[in-house]
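Participant: So I've got this file, target-v3.pdb, and it contains PDB, C-alpha atoms:
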```
MODEL        1
ATOM      1  CA  GLU F   1      36.035  -1.944  -0.309  1.00  0.00           C
ATOM      2  CA  GLY F   2      34.939   0.078  -3.336  1.00  0.00           C
ATOM      3  CA  TYR F   3      38.548   0.769  -4.226  1.00  0.00           C
ATOM      4  CA  ARG F   4      39.397  -2.920  -4.058  1.00  0.00           C
ATOM      5  CA  ILE F   5      36.571  -4.128  -6.295  1.00  0.00           C
ATOM      6  CA  THR F   6      36.904  -1.510  -9.034  1.00  0.00           C
ATOM      7  CA  LYS F   7      39.146  -1.793 -12.067  1.00  0.00           C
ATOM      8  CA  LYS F   8      42.611  -0.218 -12.114  1.00  0.00           C
ATOM      9  CA  LYS F   9      41.110   2.816 -13.850  1.00  0.00           C
ATOM     10  CA  ALA F  10      37.689   3.878 -12.560  1.00  0.00           C
ATOM     11  CA  HIS F  11      35.447   6.773 -11.629  1.00  0.00           C
ATOM     12  CA  CYS F  12      33.127   7.059  -8.670  1.00  0.00           C
ATOM     13  CA  TYR F  13      30.197   9.377  -7.997  1.00  0.00           C
ATOM     14  CA  LEU F  14      28.868   9.436  -4.445  1.00  0.00           C
ATOM     15  CA  PHE F  15      25.835  11.454  -3.335  1.00  0.00           C
ATOM     16  CA  LEU F  16      26.324  12.815   0.164  1.00  0.00           C
ATOM     17  CA  ASP F  17      25.224  15.394   2.686  1.00  0.00           C
ATOM     18  CA  PRO F  18      27.103  18.707   2.288  1.00  0.00           C
ATOM     19  CA  GLY F  19      28.159  18.620   5.931  1.00  0.00           C
ATOM     20  CA  ARG F  20      30.017  15.338   5.445  1.00  0.00           C
ATOM     21  CA  PHE F  21      31.923  16.161   2.242  1.00  0.00           C
ATOM     22  CA  GLU F  22      35.328  16.782   3.859  1.00  0.00           C
ATOM     23  CA  GLU F  23      35.077  13.718   6.099  1.00  0.00           C
ATOM     24  CA  ILE F  24      34.122  11.320   3.316  1.00  0.00           C
ATOM     25  CA  LYS F  25      36.614  12.929   0.938  1.00  0.00           C
ATOM     26  CA  LEU F  26      39.345  12.011   3.437  1.00  0.00           C
ATOM     27  CA  TRP F  27      38.090   8.408   3.680  1.00  0.00           C
ATOM     28  CA  PHE F  28      38.300   8.088  -0.100  1.00  0.00           C
ATOM     29  CA  GLN F  29      41.769   9.614  -0.222  1.00  0.00           C
ATOM     30  CA  LEU F  30      43.018   7.238   2.473  1.00  0.00           C
ATOM     31  CA  ALA F  31      41.637   4.329   0.436  1.00  0.00           C
ATOM     32  CA  GLY F  32      43.679   5.452  -2.592  1.00  0.00           C
ATOM     33  CA  TRP F  33      41.220   7.478  -4.677  1.00  0.00           C
ATOM     34  CA  TYR F  34      42.031  10.901  -6.095  1.00  0.00           C
ATOM     35  CA  VAL F  35      39.079  13.044  -4.988  1.00  0.00           C
ATOM     36  CA  TRP F  36      38.108  16.153  -6.882  1.00  0.00           C
ATOM     37  CA  ARG F  37      38.834  19.097  -4.580  1.00  0.00           C
ATOM     38  CA  THR F  38      35.289  20.467  -4.573  1.00  0.00           C
ATOM     39  CA  PRO F  39      31.966  18.649  -4.809  1.00  0.00           C
ATOM     40  CA  MET F  40      29.814  18.505  -7.874  1.00  0.00           C
ATOM     41  CA  VAL F  41      26.311  19.869  -7.283  1.00  0.00           C
ATOM     42  CA  TRP F  42      22.974  18.503  -8.447  1.00  0.00           C
ATOM     43  CA  TYR F  43      20.454  21.347  -8.591  1.00  0.00           C
ATOM     44  CA  LYS F  44      16.990  19.778  -8.173  1.00  0.00           C
ATOM     45  CA  GLY F  45      14.921  22.812  -9.105  1.00  0.00           C
ATOM     46  CA  PRO F  46      13.461  25.760  -7.192  1.00  0.00           C
ATOM     47  CA  VAL F  47      10.613  24.064  -5.309  1.00  0.00           C
ATOM     48  CA  ILE F  48      12.068  20.636  -4.578  1.00  0.00           C
ATOM     49  CA  GLY F  49      14.391  19.738  -1.765  1.00  0.00           C
ATOM     50  CA  LEU F  50      14.966  19.094   1.875  1.00  0.00           C
ATOM     51  CA  LEU F  51      13.073  21.355   4.246  1.00  0.00           C
ATOM     52  CA  PRO F  52      14.378  20.453   7.718  1.00  0.00           C
ATOM     53  CA  LEU F  53      12.763  23.421   9.513  1.00  0.00           C
ATOM     54  CA  PRO F  54       9.670  24.374   7.484  1.00  0.00           C
ATOM     55  CA  LYS F  55       8.915  27.534   9.437  1.00  0.00           C
ATOM     56  CA  GLN F  56      12.503  28.753   9.553  1.00  0.00           C
ATOM     57  CA  GLY F  57      13.715  27.788   6.031  1.00  0.00           C
ATOM     58  CA  PRO F  58      15.560  27.719   3.704  1.00  0.00           C
ATOM     59  CA  ARG F  59      14.836  24.768   1.468  1.00  0.00           C
ATOM     60  CA  ARG F  60      17.946  22.888   0.309  1.00  0.00           C
ATOM     61  CA  SER F  61      17.343  22.365  -3.412  1.00  0.00           C
ATOM     62  CA  TYR F  62      20.665  20.704  -4.196  1.00  0.00           C
ATOM     63  CA  GLU F  63      22.788  17.686  -3.317  1.00  0.00           C
ATOM     64  CA  PHE F  64      26.549  17.262  -3.261  1.00  0.00           C
ATOM     65  CA  ILE F  65      28.286  14.615  -5.361  1.00  0.00           C
ATOM     66  CA  LEU F  66      31.778  13.487  -4.493  1.00  0.00           C
ATOM     67  CA  TYR F  67      33.735  12.700  -7.670  1.00  0.00           C
ATOM     68  CA  ALA F  68      36.697  10.330  -7.323  1.00  0.00           C
ATOM     69  CA  ILE F  69      39.174   8.862  -9.783  1.00  0.00           C
ATOM     70  CA  LYS F  70      41.162   5.634  -9.533  1.00  0.00           C
ATOM     71  CA  GLY F  71      44.259   5.373 -11.692  1.00  0.00           C
ATOM     72  CA  ASP F  72      44.504   7.743 -14.620  1.00  0.00           C
ATOM     73  CA  ARG F  73      41.044   7.138 -16.080  1.00  0.00           C
ATOM     74  CA  GLU F  74      40.113  10.026 -18.352  1.00  0.00           C
ATOM     75  CA  THR F  75      36.683  11.533 -18.844  1.00  0.00           C
ATOM     76  CA  ILE F  76      34.737  11.223 -22.079  1.00  0.00           C
ATOM     77  CA  ILE F  77      33.505  14.812 -21.947  1.00  0.00           C
ATOM     78  CA  VAL F  78      34.254  17.756 -19.708  1.00  0.00           C
ATOM     79  CA  ALA F  79      31.021  19.198 -18.358  1.00  0.00           C
ATOM     80  CA  PRO F  80      30.085  21.719 -15.659  1.00  0.00           C
ATOM     81  CA  ASP F  81      30.241  20.691 -12.017  1.00  0.00           C
ATOM     82  CA  VAL F  82      26.665  21.903 -11.491  1.00  0.00           C
ATOM     83  CA  ILE F  83      24.066  19.578 -12.993  1.00  0.00           C
ATOM     84  CA  ASP F  84      20.644  21.109 -13.510  1.00  0.00           C
ATOM     85  CA  VAL F  85      18.270  18.155 -13.821  1.00  0.00           C
ATOM     86  CA  PRO F  86      14.814  18.581 -12.294  1.00  0.00           C
ATOM     87  CA  HIS F  87      13.831  16.131  -9.586  1.00  0.00           C
ATOM     88  CA  ASP F  88      11.106  13.838 -10.819  1.00  0.00           C
ATOM     89  CA  ARG F  89       8.357  13.215  -8.322  1.00  0.00           C
ATOM     90  CA  ASP F  90       6.835  10.239 -10.145  1.00  0.00           C
ATOM     91  CA  ILE F  91       8.473   7.939  -7.614  1.00  0.00           C
ATOM     92  CA  GLU F  92       7.772   8.472  -3.926  1.00  0.00           C
ATOM     93  CA  ARG F  93      11.073   8.038  -2.108  1.00  0.00           C
ATOM     94  CA  GLY F  94      13.086  10.622  -0.224  1.00  0.00           C
ATOM     95  CA  ALA F  95      16.493   9.762  -1.701  1.00  0.00           C
ATOM     96  CA  HIS F  96      15.190   9.126  -5.230  1.00  0.00           C
ATOM     97  CA  LYS F  97      17.308  10.443  -8.103  1.00  0.00           C
ATOM     98  CA  PRO F  98      16.016  10.979 -11.650  1.00  0.00           C
ATOM     99  CA  ALA F  99      17.403   8.804 -14.435  1.00  0.00           C
ATOM    100  CA  GLY F 100      18.448  11.960 -16.325  1.00  0.00           C
ATOM    101  CA  LEU F 101      20.899  12.790 -13.547  1.00  0.00           C
ATOM    102  CA  TYR F 102      22.541   9.382 -13.860  1.00  0.00           C
ATOM    103  CA  THR F 103      22.592   9.718 -17.639  1.00  0.00           C
ATOM    104  CA  SER F 104      24.448  13.015 -17.261  1.00  0.00           C
ATOM    105  CA  LEU F 105      27.041  11.408 -15.004  1.00  0.00           C
ATOM    106  CA  LEU F 106      27.511   8.298 -17.151  1.00  0.00           C
ATOM    107  CA  THR F 107      28.001  10.288 -20.352  1.00  0.00           C
ATOM    108  CA  ARG F 108      30.883  12.127 -18.677  1.00  0.00           C
ATOM    109  CA  THR F 109      32.924   9.071 -17.830  1.00  0.00           C
ATOM    110  CA  CYS F 110      31.620   5.896 -19.506  1.00  0.00           C
ATOM    111  CA  ASN F 111      31.875   4.452 -22.995  1.00  0.00           C
ATOM    112  CA  PRO F 112      29.233   2.129 -24.444  1.00  0.00           C
ATOM    113  CA  GLY F 113      29.887  -1.362 -23.110  1.00  0.00           C
ATOM    114  CA  ASP F 114      31.476  -0.148 -19.853  1.00  0.00           C
ATOM    115  CA  LYS F 115      30.202  -1.779 -16.677  1.00  0.00           C
ATOM    116  CA  VAL F 116      28.811   0.348 -13.865  1.00  0.00           C
ATOM    117  CA  LEU F 117      27.880  -0.588 -10.312  1.00  0.00           C
ATOM    118  CA  ASP F 118      25.288   1.174  -8.183  1.00  0.00           C
ATOM    119  CA  PRO F 119      25.611  -0.465  -4.752  1.00  0.00           C
ATOM    120  CA  CYS F 120      22.640   1.486  -3.338  1.00  0.00           C
ATOM    121  CA  CYS F 121      20.427   1.621  -6.417  1.00  0.00           C
ATOM    122  CA  GLY F 122      17.187   2.521  -4.663  1.00  0.00           C
ATOM    123  CA  THR F 123      14.394   2.756  -7.216  1.00  0.00           C
ATOM    124  CA  GLY F 124      16.788   1.969 -10.065  1.00  0.00           C
ATOM    125  CA  PRO F 125      17.499   5.175 -12.014  1.00  0.00           C
ATOM    126  CA  ILE F 126      20.803   3.570 -13.030  1.00  0.00           C
ATOM    127  CA  PHE F 127      18.971   1.127 -15.311  1.00  0.00           C
ATOM    128  CA  PRO F 128      17.285   3.548 -17.752  1.00  0.00           C
ATOM    129  CA  ALA F 129      20.460   5.674 -17.675  1.00  0.00           C
ATOM    130  CA  ALA F 130      22.585   2.644 -18.555  1.00  0.00           C
ATOM    131  CA  SER F 131      20.183   1.725 -21.334  1.00  0.00           C
ATOM    132  CA  GLN F 132      20.414   5.231 -22.756  1.00  0.00           C
ATOM    133  CA  THR F 133      24.231   5.310 -22.556  1.00  0.00           C
ATOM    134  CA  ARG F 134      24.578   1.671 -23.681  1.00  0.00           C
ATOM    135  CA  THR F 135      26.494   0.741 -20.549  1.00  0.00           C
ATOM    136  CA  ILE F 136      25.973  -2.404 -18.491  1.00  0.00           C
ATOM    137  CA  ALA F 137      24.566  -1.712 -15.025  1.00  0.00           C
ATOM    138  CA  VAL F 138      24.490  -3.798 -11.876  1.00  0.00           C
ATOM    139  CA  GLY F 139      22.353  -2.451  -9.059  1.00  0.00           C
ATOM    140  CA  LEU F 140      22.128  -3.640  -5.478  1.00  0.00           C
ATOM    141  CA  GLU F 141      19.431  -2.687  -2.986  1.00  0.00           C
ATOM    142  CA  THR F 142      18.605  -4.024   0.496  1.00  0.00           C
ATOM    143  CA  GLU F 143      15.395  -2.049   1.184  1.00  0.00           C
ATOM    144  CA  ASP F 144      12.425  -4.158   0.017  1.00  0.00           C
ATOM    145  CA  ASN F 145      10.152  -1.328  -1.147  1.00  0.00           C
ATOM    146  CA  ALA F 146      12.886   0.366  -3.179  1.00  0.00           C
ATOM    147  CA  PHE F 147      13.915  -2.974  -4.676  1.00  0.00           C
ATOM    148  CA  SER F 148      10.305  -3.625  -5.729  1.00  0.00           C
ATOM    149  CA  GLN F 149      10.082  -0.197  -7.371  1.00  0.00           C
ATOM    150  CA  SER F 150      13.365  -0.819  -9.164  1.00  0.00           C
ATOM    151  CA  LEU F 151      12.162  -4.198 -10.405  1.00  0.00           C
ATOM    152  CA  ASP F 152       8.839  -2.693 -11.558  1.00  0.00           C
ATOM    153  CA  ARG F 153      10.769  -0.005 -13.426  1.00  0.00           C
ATOM    154  CA  LEU F 154      12.864  -2.645 -15.198  1.00  0.00           C
ATOM    155  CA  GLN F 155       9.889  -4.821 -16.100  1.00  0.00           C
ATOM    156  CA  SER F 156       7.768  -1.939 -17.434  1.00  0.00           C
ATOM    157  CA  SER F 157      10.479  -0.495 -19.659  1.00  0.00           C
ATOM    158  CA  ASP F 158      12.248  -1.437 -22.848  1.00  0.00           C
ATOM    159  CA  ILE F 159      15.493  -1.997 -20.945  1.00  0.00           C
ATOM    160  CA  LEU F 160      15.202  -5.767 -20.659  1.00  0.00           C
ATOM    161  CA  LYS F 161      14.055  -6.114 -24.274  1.00  0.00           C
ATOM    162  CA  SER F 162      17.493  -5.053 -25.478  1.00  0.00           C
ATOM    163  CA  PHE F 163      19.131  -8.171 -23.981  1.00  0.00           C
TER     164      PHE F 163
ENDMDL
END
```
Let me see whether you can do it: turn the structure in this file into structure tokens.
Facilitator:
Amino acid sequence: EGYRITKKKAHCYLFLDPGRFEEIKLWFQLAGWYVWRTPMVWYKGPVIGLLPLPKQGPRRSYEFILYAIKGDRETIIVAPDVIDVPHDRDIERGAHKPAGLYTSLLTRTCNPGDKVLDPCCGTGPIFPAASQTRTIAVGLETEDNAFSQSLDRLQSSDILKSF
């Protein structure tokens, strides 16, 4: 569905579990996307991350990002495939991403005025990132608590004042 609703030339960033990269990469390819051969990596910092077996370790302090291209859309800048943006713990939510991470991604592939969609926007890091990159963001969220946090973030910032 994502392929259908995007423009003829588009980029997609998808956060996913490392164990599912190859599977989801194939889904995207079958839908028509060109998927970058290897995942991008978000390094969260040395003491943040998933700790599935606390007494056996190790802590996973990174997340994979699938990068896909539709059409021949070019990047704005070429940047490393490892993004070192510390996880911010100001917002309590397991899947939370810092706005700086989204800003890094948007500056790679979006021009001011471009429209971006975050169909699982969670606590809304896409909104301050879009404000900073002067892009237009649409975020969708079905989980009530995350939606409320996203709305609070919008209302307490300067983002809405620019419209």
Participant: Please expand the PyMOL selection byres ((chain F and resi 41) around 7) into the concrete residues it hits in this file, giving the result as a list in words.
Facilitator: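 On the file shown, the PyMOL selection byres ((chain F and resi 41) around 7) covers Pro39, Met40, Trp42, Tyr43, Tyr62, Glu63, Phe64, Ile65, Asp81, Val82 and Ile83 of chain F.
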Participant: Hey, what's within 10 Å of Ser104 (chain F) if we count all atoms listed in the file and toss same-chain stuff fewer than 6 positions away? As a ChimeraX atom specification, please?
Facilitator: /F:79,83-85,129,133
Participant: Give me the result of the PyMOL selection byres ((chain F and resi 77) around 8) on this file, residue by residue, as a list in words.
Facilitator: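 What the PyMOL selection byres ((chain F and resi 77) around 8) grabs from the file is Thr75, Ile76, Val78, Ala79, Thr107, Arg108 and Thr109 of chain F.
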Participant: Could you state the separation of CA of Thr103 (chain F) and CA of Lys9 (chain F) in Å, given to one decimal place?
Facilitator: 20.1 Å
Participant: List the residues selected by the PyMOL selection byres ((chain F and resi 32) around 10) in the file shown, writing them as a VMD selection string.
Facilitator: chain F and resid 3 to 4 26 to 31 33 to 35 68 to 71
Participant: By how many Å are CA of Asp114 (chain F) and CA of Asp144 (chain F) apart?
Facilitator: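 Distance between the two atoms: 27.8 Å.
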Participant: Could you check which of F:Pro54, F:Pro80, F:Pro86, F:Pro98 is closest to Pro125 (chain F), using only C-alpha atoms?
Facilitator: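 Using only C-alpha atoms, the shortest distance to Pro125 (chain F) belongs to F:Pro98.
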